[in-house]
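Next up, data_18.pdb (PDB, C-alpha atoms):
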```
ATOM      1  CA  MET U  17     179.372 -25.324  54.999
ATOM      2  CA  GLY U  18     181.436 -24.143  57.950
ATOM      3  CA  ASP U  19     180.370 -23.579  61.521
ATOM      4  CA  GLU U  20     176.828 -22.447  60.678
ATOM      5  CA  PRO U  21     173.824 -24.050  62.373
ATOM      6  CA  ALA U  22     172.702 -27.214  60.637
ATOM      7  CA  ILE U  23     169.219 -25.746  60.037
ATOM      8  CA  GLU U  24     167.998 -22.148  60.019
ATOM      9  CA  LEU U  25     164.369 -21.245  59.330
ATOM     10  CA  SER U  26     163.481 -17.558  59.241
ATOM     11  CA  GLY U  27     159.794 -16.695  58.876
ATOM     12  CA  LEU U  28     159.111 -19.847  56.844
ATOM     13  CA  THR U  29     155.620 -19.693  55.353
ATOM     14  CA  LYS U  30     154.068 -22.161  52.953
ATOM     15  CA  THR U  31     150.567 -21.706  51.590
ATOM     16  CA  TYR U  32     148.438 -23.849  49.285
ATOM     17  CA  GLY U  33     146.011 -21.359  47.812
ATOM     18  CA  THR U  34     144.053 -20.085  50.795
ATOM     19  CA  VAL U  35     145.297 -22.884  53.074
ATOM     20  CA  VAL U  36     148.271 -22.062  55.294
ATOM     21  CA  GLY U  37     150.509 -25.078  55.886
ATOM     22  CA  VAL U  38     153.303 -23.314  57.782
ATOM     23  CA  ASP U  39     152.990 -19.806  59.193
ATOM     24  CA  ARG U  40     156.088 -17.636  59.880
ATOM     25  CA  LEU U  41     158.094 -20.439  61.437
ATOM     26  CA  SER U  42     161.554 -19.483  62.734
ATOM     27  CA  LEU U  43     163.804 -22.175  64.153
ATOM     28  CA  THR U  44     167.503 -22.984  64.571
ATOM     29  CA  VAL U  45     168.941 -26.491  64.974
ATOM     30  CA  ARG U  46     172.526 -26.613  66.156
ATOM     31  CA  THR U  47     175.147 -28.775  64.499
ATOM     32  CA  GLY U  48     175.543 -32.115  66.259
ATOM     33  CA  GLU U  49     172.221 -32.266  68.110
ATOM     34  CA  VAL U  50     169.346 -34.741  67.884
ATOM     35  CA  PHE U  51     166.351 -32.430  67.672
ATOM     36  CA  GLY U  52     162.696 -33.430  67.987
ATOM     37  CA  PHE U  53     159.937 -31.880  65.884
ATOM     38  CA  LEU U  54     156.487 -32.498  67.370
ATOM     39  CA  GLY U  55     152.874 -31.743  66.586
ATOM     40  CA  PRO U  56     149.631 -33.547  65.762
ATOM     41  CA  ASN U  57     148.519 -34.423  62.244
ATOM     42  CA  GLY U  58     147.983 -31.283  60.196
ATOM     43  CA  ALA U  59     150.313 -29.146  62.332
ATOM     44  CA  GLY U  60     152.697 -28.462  59.430
ATOM     45  CA  LYS U  61     155.508 -30.886  60.285
ATOM     46  CA  THR U  62     155.767 -32.695  56.948
ATOM     47  CA  THR U  63     155.421 -29.455  54.977
ATOM     48  CA  THR U  64     158.305 -27.989  56.971
ATOM     49  CA  LEU U  65     160.478 -31.049  56.358
ATOM     50  CA  ARG U  66     159.771 -30.957  52.622
ATOM     51  CA  CYS U  67     160.843 -27.315  52.524
ATOM     52  CA  LEU U  68     164.012 -28.271  54.390
ATOM     53  CA  VAL U  69     165.064 -30.920  51.887
ATOM     54  CA  GLY U  70     164.142 -28.878  48.806
ATOM     55  CA  LEU U  71     160.981 -30.714  47.773
ATOM     56  CA  LEU U  72     158.799 -27.647  48.343
ATOM     57  CA  ARG U  73     159.557 -24.005  47.678
ATOM     58  CA  PRO U  74     158.578 -21.663  50.539
ATOM     59  CA  SER U  75     155.917 -19.069  49.819
ATOM     60  CA  GLU U  76     157.782 -16.634  52.084
ATOM     61  CA  GLY U  77     160.756 -16.649  54.410
ATOM     62  CA  ARG U  78     164.168 -18.251  54.217
ATOM     63  CA  VAL U  79     165.483 -21.791  54.645
ATOM     64  CA  LYS U  80     169.160 -22.634  55.103
ATOM     65  CA  VAL U  81     170.473 -26.176  55.450
ATOM     66  CA  LEU U  82     174.158 -26.627  56.274
ATOM     67  CA  GLY U  83     174.538 -22.951  55.383
ATOM     68  CA  LEU U  84     173.034 -23.396  51.896
ATOM     69  CA  ASP U  85     169.697 -22.983  50.119
ATOM     70  CA  PRO U  86     168.195 -26.498  49.734
ATOM     71  CA  ILE U  87     166.687 -25.539  46.350
ATOM     72  CA  GLY U  88     169.174 -23.077  44.844
ATOM     73  CA  ASP U  89     172.183 -25.053  46.102
ATOM     74  CA  HIS U  90     170.602 -28.495  45.873
ATOM     75  CA  GLY U  91     173.538 -30.096  44.054
ATOM     76  CA  ARG U  92     175.914 -28.991  46.811
ATOM     77  CA  VAL U  93     173.593 -29.920  49.694
ATOM     78  CA  ALA U  94     172.343 -33.336  48.522
ATOM     79  CA  PRO U  95     175.524 -35.380  49.185
ATOM     80  CA  TYR U  96     175.475 -34.246  52.827
ATOM     81  CA  LEU U  97     171.753 -34.623  53.445
ATOM     82  CA  GLY U  98     169.784 -37.757  54.328
ATOM     83  CA  TYR U  99     165.989 -37.858  54.232
ATOM     84  CA  LEU U 100     163.432 -40.462  55.234
ATOM     85  CA  PRO U 101     159.935 -39.372  54.145
ATOM     86  CA  GLY U 102     156.884 -40.281  56.166
ATOM     87  CA  GLU U 103     155.324 -42.038  53.167
ATOM     88  CA  LEU U 104     157.816 -44.249  51.345
ATOM     89  CA  ARG U 105     157.373 -44.833  47.621
ATOM     90  CA  PHE U 106     159.726 -47.252  45.873
ATOM     91  CA  TYR U 107     159.721 -48.711  42.349
ATOM     92  CA  PRO U 108     158.156 -52.131  43.071
ATOM     93  CA  GLU U 109     159.944 -53.904  40.197
ATOM     94  CA  LEU U 110     163.437 -52.950  41.443
ATOM     95  CA  THR U 111     165.241 -55.117  43.961
ATOM     96  CA  GLY U 112     166.347 -53.701  47.285
ATOM     97  CA  ALA U 113     169.960 -53.538  46.087
ATOM     98  CA  GLN U 114     168.964 -51.782  42.848
ATOM     99  CA  THR U 115     166.886 -49.297  44.848
ATOM    100  CA  LEU U 116     169.832 -48.431  47.072
ATOM    101  CA  ASP U 117     172.123 -48.088  44.038
ATOM    102  CA  LEU U 118     169.659 -45.784  42.285
ATOM    103  CA  LEU U 119     169.144 -43.549  45.321
ATOM    104  CA  SER U 120     172.885 -43.392  45.984
ATOM    105  CA  ALA U 121     173.462 -42.230  42.406
ATOM    106  CA  LEU U 122     170.741 -39.598  42.709
ATOM    107  CA  GLN U 123     172.302 -38.460  45.993
ATOM    108  CA  GLY U 124     175.606 -37.910  44.234
ATOM    109  CA  ALA U 125     177.612 -39.581  46.986
ATOM    110  CA  PRO U 126     179.190 -42.987  47.686
ATOM    111  CA  ALA U 127     177.557 -45.287  50.216
ATOM    112  CA  PRO U 128     180.272 -46.320  52.703
ATOM    113  CA  ARG U 129     177.819 -47.301  55.456
ATOM    114  CA  ARG U 130     175.475 -49.491  53.408
ATOM    115  CA  GLY U 131     176.923 -52.856  54.374
ATOM    116  CA  ASP U 132     177.015 -52.112  58.109
ATOM    117  CA  LEU U 133     173.500 -50.664  58.096
ATOM    118  CA  CYS U 134     172.042 -53.632  56.221
ATOM    119  CA  ASP U 135     173.728 -56.020  58.653
ATOM    120  CA  ARG U 136     172.422 -54.180  61.707
ATOM    121  CA  LEU U 137     168.895 -53.868  60.343
ATOM    122  CA  GLY U 138     168.685 -57.440  59.092
ATOM    123  CA  LEU U 139     168.559 -56.747  55.357
ATOM    124  CA  THR U 140     170.420 -59.804  54.089
ATOM    125  CA  GLN U 141     171.759 -60.276  50.568
ATOM    126  CA  ALA U 142     168.853 -62.617  49.869
ATOM    127  CA  VAL U 143     166.365 -59.940  50.944
ATOM    128  CA  LEU U 144     168.124 -57.253  48.898
ATOM    129  CA  ALA U 145     167.957 -59.495  45.806
ATOM    130  CA  ARG U 146     164.153 -59.566  45.948
ATOM    131  CA  PRO U 147     161.840 -56.999  44.279
ATOM    132  CA  VAL U 148     160.749 -54.287  46.688
ATOM    133  CA  GLY U 149     157.115 -54.831  45.684
ATOM    134  CA  GLY U 150     157.154 -58.013  47.755
ATOM    135  CA  TYR U 151     158.569 -56.384  50.881
ATOM    136  CA  SER U 152     156.562 -56.042  54.075
ATOM    137  CA  ARG U 153     155.977 -52.601  55.557
ATOM    138  CA  GLY U 154     158.754 -53.124  58.095
ATOM    139  CA  MET U 155     161.236 -54.228  55.438
ATOM    140  CA  LYS U 156     160.457 -51.152  53.338
ATOM    141  CA  GLN U 157     161.029 -48.982  56.391
ATOM    142  CA  LYS U 158     164.413 -50.614  56.961
ATOM    143  CA  LEU U 159     165.316 -49.973  53.315
ATOM    144  CA  GLY U 160     164.251 -46.352  53.758
ATOM    145  CA  LEU U 161     166.522 -45.977  56.766
ATOM    146  CA  VAL U 162     169.467 -47.457  54.878
ATOM    147  CA  GLN U 163     169.006 -45.120  51.911
ATOM    148  CA  ALA U 164     168.829 -42.121  54.261
ATOM    149  CA  LEU U 165     172.021 -43.056  56.107
ATOM    150  CA  GLN U 166     174.148 -45.071  53.682
ATOM    151  CA  HIS U 167     176.189 -42.050  52.494
ATOM    152  CA  ASP U 168     177.002 -40.962  56.082
ATOM    153  CA  PRO U 169     175.279 -37.567  55.767
ATOM    154  CA  LYS U 170     176.053 -34.587  57.991
ATOM    155  CA  LEU U 171     172.338 -33.877  58.450
ATOM    156  CA  VAL U 172     169.553 -36.460  58.601
ATOM    157  CA  VAL U 173     165.859 -35.528  58.427
ATOM    158  CA  LEU U 174     163.617 -38.365  59.600
ATOM    159  CA  ASP U 175     159.823 -38.328  59.341
ATOM    160  CA  GLU U 176     158.273 -41.033  61.582
ATOM    161  CA  PRO U 177     161.361 -43.275  61.314
ATOM    162  CA  THR U 178     160.154 -46.229  63.438
ATOM    163  CA  GLU U 179     156.773 -46.599  61.723
ATOM    164  CA  GLY U 180     156.269 -50.312  61.032
ATOM    165  CA  LEU U 181     159.411 -51.488  62.849
ATOM    166  CA  ASP U 182     159.219 -54.186  65.484
ATOM    167  CA  PRO U 183     160.559 -53.421  68.998
ATOM    168  CA  LEU U 184     163.925 -55.132  68.436
ATOM    169  CA  VAL U 185     164.601 -53.163  65.255
ATOM    170  CA  GLN U 186     163.516 -49.985  67.037
ATOM    171  CA  GLU U 187     166.259 -50.630  69.590
ATOM    172  CA  THR U 188     168.750 -50.933  66.719
ATOM    173  CA  PHE U 189     167.499 -47.623  65.336
ATOM    174  CA  TYR U 190     168.007 -45.895  68.707
ATOM    175  CA  ALA U 191     171.571 -47.242  68.775
ATOM    176  CA  LEU U 192     172.127 -45.791  65.291
ATOM    177  CA  LEU U 193     170.953 -42.411  66.551
ATOM    178  CA  LEU U 194     173.458 -42.574  69.401
ATOM    179  CA  ASP U 195     176.213 -43.434  66.918
ATOM    180  CA  MET U 196     175.296 -40.468  64.727
ATOM    181  CA  ALA U 197     175.250 -38.096  67.690
ATOM    182  CA  ALA U 198     178.645 -39.391  68.859
ATOM    183  CA  ALA U 199     180.025 -38.760  65.356
ATOM    184  CA  GLY U 200     178.807 -35.150  65.416
ATOM    185  CA  ARG U 201     176.000 -35.664  62.924
ATOM    186  CA  THR U 202     172.779 -33.644  63.186
ATOM    187  CA  VAL U 203     169.389 -35.365  63.289
ATOM    188  CA  LEU U 204     165.965 -33.758  62.943
ATOM    189  CA  LEU U 205     163.427 -36.306  64.154
ATOM    190  CA  SER U 206     159.725 -35.808  63.516
ATOM    191  CA  SER U 207     157.652 -38.334  65.413
ATOM    192  CA  HIS U 208     154.309 -38.796  67.137
ATOM    193  CA  VAL U 209     155.872 -41.399  69.471
ATOM    194  CA  LEU U 210     156.652 -39.142  72.413
ATOM    195  CA  PRO U 211     158.618 -41.692  74.496
ATOM    196  CA  GLU U 212     160.849 -42.118  71.429
ATOM    197  CA  VAL U 213     161.548 -38.375  71.299
ATOM    198  CA  GLN U 214     162.052 -38.229  75.063
ATOM    199  CA  ARG U 215     164.599 -41.025  74.829
ATOM    200  CA  THR U 216     166.641 -39.707  71.900
ATOM    201  CA  CYS U 217     166.354 -35.914  71.656
ATOM    202  CA  GLY U 218     167.985 -33.148  73.643
ATOM    203  CA  ARG U 219     165.668 -30.352  72.474
ATOM    204  CA  VAL U 220     162.263 -30.271  70.835
ATOM    205  CA  ALA U 221     160.132 -27.838  68.883
ATOM    206  CA  ILE U 222     156.355 -28.138  69.133
ATOM    207  CA  VAL U 223     154.152 -26.776  66.357
ATOM    208  CA  ARG U 224     150.427 -26.185  66.289
ATOM    209  CA  ASP U 225     148.372 -25.112  63.247
ATOM    210  CA  GLY U 226     151.583 -24.335  61.353
ATOM    211  CA  ARG U 227     152.967 -22.074  64.084
ATOM    212  CA  LEU U 228     155.708 -22.607  66.606
ATOM    213  CA  VAL U 229     154.411 -23.168  70.153
ATOM    214  CA  THR U 230     157.732 -23.608  71.943
ATOM    215  CA  VAL U 231     161.350 -24.706  71.640
ATOM    216  CA  GLU U 232     162.803 -26.192  74.785
ATOM    217  CA  SER U 233     164.989 -28.970  76.124
ATOM    218  CA  VAL U 234     163.200 -32.220  76.867
ATOM    219  CA  ALA U 235     164.394 -31.986  80.460
ATOM    220  CA  GLY U 236     163.124 -28.414  80.738
ATOM    221  CA  LEU U 237     159.723 -29.303  79.338
ATOM    222  CA  ARG U 238     159.307 -32.117  81.808
ATOM    223  CA  GLU U 239     160.574 -30.074  84.739
ATOM    224  CA  ALA U 240     158.341 -27.069  84.071
ATOM    225  CA  ARG U 241     155.143 -28.982  83.414
ATOM    226  CA  ALA U 242     152.709 -30.926  85.531
ATOM    227  CA  ARG U 243     153.642 -33.403  88.231
ATOM    228  CA  ARG U 244     151.820 -36.697  88.453
ATOM    229  CA  ILE U 245     150.339 -37.396  91.894
ATOM    230  CA  ARG U 246     149.049 -40.891  92.642
ATOM    231  CA  LEU U 247     147.076 -41.705  95.779
ATOM    232  CA  ALA U 248     145.895 -45.064  97.043
ATOM    233  CA  PHE U 249     143.006 -45.174  99.508
ATOM    234  CA  GLU U 250     142.029 -47.982 101.863
ATOM    235  CA  GLU U 251     140.790 -51.174 100.233
ATOM    236  CA  GLY U 252     137.095 -51.042  99.476
ATOM    237  CA  SER U 253     137.203 -47.304  98.871
ATOM    238  CA  GLY U 254     135.918 -46.084  95.559
ATOM    239  CA  PRO U 255     135.874 -42.762  93.727
ATOM    240  CA  ARG U 256     134.942 -39.857  95.970
ATOM    241  CA  PRO U 257     134.729 -36.071  95.680
ATOM    242  CA  LEU U 258     138.164 -34.469  96.076
ATOM    243  CA  GLY U 259     137.025 -30.926  96.695
ATOM    244  CA  ALA U 260     139.295 -28.283  95.192
ATOM    245  CA  ALA U 261     141.436 -31.019  93.599
ATOM    246  CA  GLU U 262     138.615 -31.807  91.172
ATOM    247  CA  ARG U 263     139.950 -28.998  88.952
ATOM    248  CA  TRP U 264     142.924 -31.211  88.096
ATOM    249  CA  THR U 265     140.654 -33.825  86.463
ATOM    250  CA  PRO U 266     141.323 -36.852  88.696
ATOM    251  CA  ARG U 267     141.352 -40.252  87.029
ATOM    252  CA  TRP U 268     140.110 -43.093  89.216
ATOM    253  CA  HIS U 269     141.093 -46.770  89.009
ATOM    254  CA  GLY U 270     139.247 -48.541  91.817
ATOM    255  CA  ASN U 271     140.621 -47.147  95.061
ATOM    256  CA  ARG U 272     143.481 -45.338  93.308
ATOM    257  CA  VAL U 273     143.459 -41.872  91.772
ATOM    258  CA  GLU U 274     145.899 -39.984  89.549
ATOM    259  CA  LEU U 275     146.111 -36.212  89.018
ATOM    260  CA  LEU U 276     148.369 -33.939  86.961
ATOM    261  CA  VAL U 277     149.181 -30.873  89.050
ATOM    262  CA  PRO U 278     151.290 -27.790  88.188
ATOM    263  CA  PRO U 279     154.627 -27.785  90.071
ATOM    264  CA  SER U 280     153.766 -24.649  92.050
ATOM    265  CA  GLU U 281     150.570 -26.246  93.382
ATOM    266  CA  VAL U 282     151.854 -29.687  94.402
ATOM    267  CA  VAL U 283     152.256 -28.837  98.106
ATOM    268  CA  GLN U 284     148.822 -27.212  98.236
ATOM    269  CA  ALA U 285     147.306 -30.240  96.508
ATOM    270  CA  LEU U 286     148.869 -32.689  98.948
ATOM    271  CA  ARG U 287     147.681 -30.692 101.943
ATOM    272  CA  GLY U 288     144.115 -30.980 100.695
ATOM    273  CA  LEU U 289     144.326 -34.599  99.585
ATOM    274  CA  LEU U 290     146.148 -36.412 102.371
ATOM    275  CA  GLY U 291     143.906 -37.845 105.058
ATOM    276  CA  PRO U 292     143.514 -40.874 107.295
ATOM    277  CA  THR U 293     142.184 -43.104 104.501
ATOM    278  CA  VAL U 294     145.208 -42.533 102.229
ATOM    279  CA  VAL U 295     147.568 -45.522 102.416
ATOM    280  CA  ASP U 296     150.120 -44.603  99.719
ATOM    281  CA  VAL U 297     151.200 -41.526  97.752
ATOM    282  CA  THR U 298     153.720 -40.914  94.955
ATOM    283  CA  VAL U 299     154.709 -37.699  93.206
ATOM    284  CA  GLU U 300     156.749 -37.885  90.023
ATOM    285  CA  GLU U 301     157.839 -35.699  87.172
ATOM    286  CA  ALA U 302     155.528 -35.995  84.200
ATOM    287  CA  GLY U 303     156.799 -37.490  80.973
ATOM    288  CA  LEU U 304     157.082 -35.678  77.659
ATOM    289  CA  ASP U 305     153.603 -36.879  76.685
ATOM    290  CA  GLU U 306     152.043 -35.045  79.646
ATOM    291  CA  ALA U 307     154.151 -31.959  78.914
ATOM    292  CA  PHE U 308     153.026 -32.042  75.296
ATOM    293  CA  LEU U 309     149.346 -32.332  76.214
ATOM    294  CA  ASP U 310     149.741 -29.664  78.870
ATOM    295  CA  LEU U 311     151.136 -27.266  76.275
ATOM    296  CA  TYR U 312     148.291 -28.041  73.905
ATOM    297  CA  ARG U 313     145.635 -27.479  76.544
ATOM    298  CA  GLY U 314     146.915 -23.918  76.913
ATOM    299  CA  GLY U 315     148.536 -23.814  73.506
ATOM    300  CA  GLY U 316     146.501 -20.942  72.082
ATOM    301  CA  LYS U 317     148.016 -18.353  74.390
ATOM    302  CA  GLU U 318     151.543 -19.766  74.147
ATOM    303  CA  ALA U 319     151.381 -20.062  70.369
ATOM    304  CA  GLN U 320     150.310 -16.449  70.049
ATOM    305  CA  ALA U 321     153.095 -15.393  72.405
TER     306      ALA U 321
END
```
Go through the file and emit its structure as structure tokens.
Amino acid sequence: MGDEPAIELSGLTKTYGTVVGVDRLSLTVRTGEVFGFLGPNGAGKTTTLRCLVGLLRPSEGRVKVLGLDPIGDHGRVAPYLGYLPGELRFYPELTGAQTLDLLSALQGAPAPRRGDLCDRLGLTQAVLARPVGGYSRGMKQKLGLVQALQHDPKLVVLDEPTEGLDPLVQETFYALLLDMAAAGRTVLLSSHVLPEVQRTCGRVAIVRDGRLVTVESVAGLREARARRIRLAFEEGSGPRPLGAAERWTPRWHGNRVELLVPPSEVVQALRGLLGPTVVDVTVEEAGLDEAFLDLYRGGGKEAQA
């Protein structure tokens, strides 16, 4: 484990009989980056993550994690790898503390960060002394985060990490991500919460039907995709035909309308839209959610490319 990329996928394919979960996926995640992994349900995200951490064997292709095979070299990789699955399953009769002890032993590594993580996430000694079967969903998610990070891994793979967390705990989680990035750790974050990815990740990969659609920086995705134009008309005005601008699917809210327009067509759009009844106009860069949807609207061609 030297200066290799943290993750290297080369033609990763995973099939379940005649069903293709992941199809010839190639991807590189650099050491020290927080990398987003996006796609709707059924896109192949969880299958990919399970191949990464050695829970599934690829049907074809190659997977390298920290320069090693996650299955063939599992004993060498495990102490440096943290994983939070999307669906947590704990032994309900064990206490929180016993659960963390068990998972630390299975990881084959000490847990120097456990105390700090429990403090920051609000898992008190009293909570850790209780059986996990009585935990709420949010408490189980906190326990899952602690077990994934307690051994200070070099690479952390997180599948929907803020699921079930309240907004204050989510803020704590984002701070933990910043700490990991500052320490040179690598994070692969799979999430359907696009503002979360936009806030924390430098680059993202988007998958569709098991295939890679694009890999790009968050800033690049937002810059290259649609701009949001908002117009306000005089009071008392309602929805009206917008001529050629109708092709951008205007959304009306009383006397206000919003359109998503490609960057190259913004000037043309404004020329056709501005008139004497317009009282206000704003043009802003779209967020990652609009960029994501924009890619999926035309995703067939881009995925094939």
### Task
With all atoms listed in the file counted, which protein, DNA or RNA residues have an atom no more than 12 Å from (162.4, -21.9, 54.6) in the file frame? Please answer as a ChimeraX atom specification.
/U:23-30,38-44,63-81,84-88
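Straight-line separation from CA of Pro108 (chain U) to CA of Pro95 (chain U): 24.9 Å.
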### Query
Excluding same-chain residues fewer than 4 positions from region 242-256 of chain U, what lies within 8 Å of it counting all atoms listed in the file, as JSON, numbers by chain?
{"U": [238, 268, 270, 271, 272, 273, 274, 275, 276, 277, 278, 279, 282, 293, 294, 295, 296, 297, 298, 299, 300, 301, 302, 306, 307, 310]}
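Near region 185-189 of chain U, within 10 Å and counting only C-alpha atoms, sit Leu133, Arg136, Leu137, Gly138, Gly154, Lys158, Leu161, Pro177, Thr178, Glu179, Asp195 and Glu212 of chain U; same-chain residues fewer than 6 positions away were not included.
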### Task
Can you turn the PyMOL selection byres ((chain U and resi 103) around 12) into a concrete residue list for this file, as a VMD selection string?
chain U and resid 62 66 99 to 102 104 to 106 153 156 to 157 160 174 to 177 179 to 180
### Residue nearest Ala197 (chain U) among U:Gln123, U:Thr140, U:Thr216, U:Asn57 (counting all atoms listed in the file)
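Looking at the shortest contact to Ala197 (chain U), the residue is U:Thr216.
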Taking all atoms of region 292-303 of chain U that appear in the file, build a box with edges along x, y and z, extend it by 8 Å on every side, and state its centre and edge lengths in Å to one decimal, as AutoDock Vina command-line options.
```
--center_x 150.0 --center_y -40.6 --center_z 94.1 --size_x 31.7 --size_y 25.8 --size_z 42.3
```
### Message
Can you tell me which residues surround Ile222 (chain U) at a distance of at most 6 Å, considering all atoms listed in the file, apart from same-chain residues fewer than 6 positions away, and format the answer as a list in words?
### Response
Leu54, Gly55, Val229 and Thr230 of chain U
### Task
Pick out the closest residue to Leu116 (chain U) from this set: U:Leu159, U:Tyr151, U:Ala235, U:Gly83. Count only C-alpha atoms.
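Nearest to Leu116 (chain U): U:Leu159.
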Specify as a short mmCIF file (atom, residue, chain, number, x, y, z; two decimals) with C-alpha atoms, in the coordinates of the input each residue included when the PyMOL selection byres ((chain U and resi 58) around 9) is applied to this file.
```cif
data_model
loop_
_atom_site.label_atom_id
_atom_site.label_comp_id
_atom_site.auth_asym_id
_atom_site.auth_seq_id
_atom_site.Cartn_x
_atom_site.Cartn_y
_atom_site.Cartn_z
CA GLY U 37 150.51 -25.08 55.89
CA GLY U 55 152.87 -31.74 66.59
CA PRO U 56 149.63 -33.55 65.76
CA ASN U 57 148.52 -34.42 62.24
CA ALA U 59 150.31 -29.15 62.33
CA GLY U 60 152.70 -28.46 59.43
CA LYS U 61 155.51 -30.89 60.28
CA THR U 62 155.77 -32.70 56.95
CA ARG U 224 150.43 -26.18 66.29
CA ASP U 225 148.37 -25.11 63.25
CA GLY U 226 151.58 -24.34 61.35
#
```
### Message
Is it possible to get the residues within 7 Å of (171.0, -29.2, 63.9) (coordinates as in the file, counting only C-alpha atoms) written as an MDAnalysis selection string?
### Response
chainID U and resid 21:23 45:49 51 202:204
### Task
Name every residue that the PyMOL selection byres ((chain U and resi 149) around 10) selects in this structure, writing the answer as an NGL selection string with chains first and numbers rising.
:U and (106-112 or 146-148 or 150-152 or 156)
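Relative to CA of Asp89 (chain U), CA of Ala127 (chain U) is found at 21.3 Å.
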Please complete region 265-284 of chain U with N, CA and C atoms and give it back as a tab-separated table (two decimals), in the frame of the given file.
```tsv
chain	number	residue	atom	x	y	z
U	265	THR	N	141.22	-32.70	87.22
U	265	THR	CA	140.65	-33.83	86.46
U	265	THR	C	141.20	-35.17	86.96
U	266	PRO	N	140.83	-35.57	88.17
U	266	PRO	CA	141.32	-36.85	88.70
U	266	PRO	C	140.82	-38.03	87.87
U	267	ARG	N	141.70	-39.02	87.74
U	267	ARG	CA	141.35	-40.25	87.03
U	267	ARG	C	141.39	-41.40	88.04
U	268	TRP	N	140.25	-42.05	88.21
U	268	TRP	CA	140.11	-43.09	89.22
U	268	TRP	C	140.29	-44.48	88.60
U	269	HIS	N	140.96	-45.36	89.35
U	269	HIS	CA	141.09	-46.77	89.01
U	269	HIS	C	140.84	-47.54	90.30
U	270	GLY	N	139.59	-47.89	90.56
U	270	GLY	CA	139.25	-48.54	91.82
U	270	GLY	C	139.47	-47.59	92.99
U	271	ASN	N	140.35	-47.99	93.89
U	271	ASN	CA	140.62	-47.15	95.06
U	271	ASN	C	141.84	-46.25	94.85
U	272	ARG	N	142.32	-46.17	93.62
U	272	ARG	CA	143.48	-45.34	93.31
U	272	ARG	C	143.08	-44.19	92.39
U	273	VAL	N	143.75	-43.04	92.58
U	273	VAL	CA	143.46	-41.87	91.77
U	273	VAL	C	144.76	-41.23	91.32
U	274	GLU	N	144.73	-40.65	90.13
U	274	GLU	CA	145.90	-39.98	89.55
U	274	GLU	C	145.50	-38.59	89.11
U	275	LEU	N	146.36	-37.59	89.41
U	275	LEU	CA	146.11	-36.21	89.02
U	275	LEU	C	147.39	-35.63	88.44
U	276	LEU	N	147.24	-34.70	87.49
U	276	LEU	CA	148.37	-33.94	86.96
U	276	LEU	C	148.25	-32.52	87.51
U	277	VAL	N	149.25	-32.12	88.29
U	277	VAL	CA	149.18	-30.87	89.05
U	277	VAL	C	150.37	-29.99	88.68
U	278	PRO	N	150.16	-28.69	88.46
U	278	PRO	CA	151.29	-27.79	88.19
U	278	PRO	C	152.30	-27.83	89.33
U	279	PRO	N	153.60	-27.69	89.02
U	279	PRO	CA	154.63	-27.78	90.07
U	279	PRO	C	154.39	-26.85	91.25
U	280	SER	N	153.94	-25.63	90.98
U	280	SER	CA	153.77	-24.65	92.05
U	280	SER	C	152.61	-24.98	92.99
U	281	GLU	N	151.75	-25.93	92.58
U	281	GLU	CA	150.57	-26.25	93.38
U	281	GLU	C	150.61	-27.64	94.02
U	282	VAL	N	151.75	-28.32	93.88
U	282	VAL	CA	151.85	-29.69	94.40
U	282	VAL	C	151.67	-29.72	95.92
U	283	VAL	N	152.36	-28.84	96.65
U	283	VAL	CA	152.26	-28.84	98.11
U	283	VAL	C	150.83	-28.55	98.54
U	284	GLN	N	150.21	-27.55	97.91
U	284	GLN	CA	148.82	-27.21	98.24
U	284	GLN	C	147.91	-28.40	97.96
```
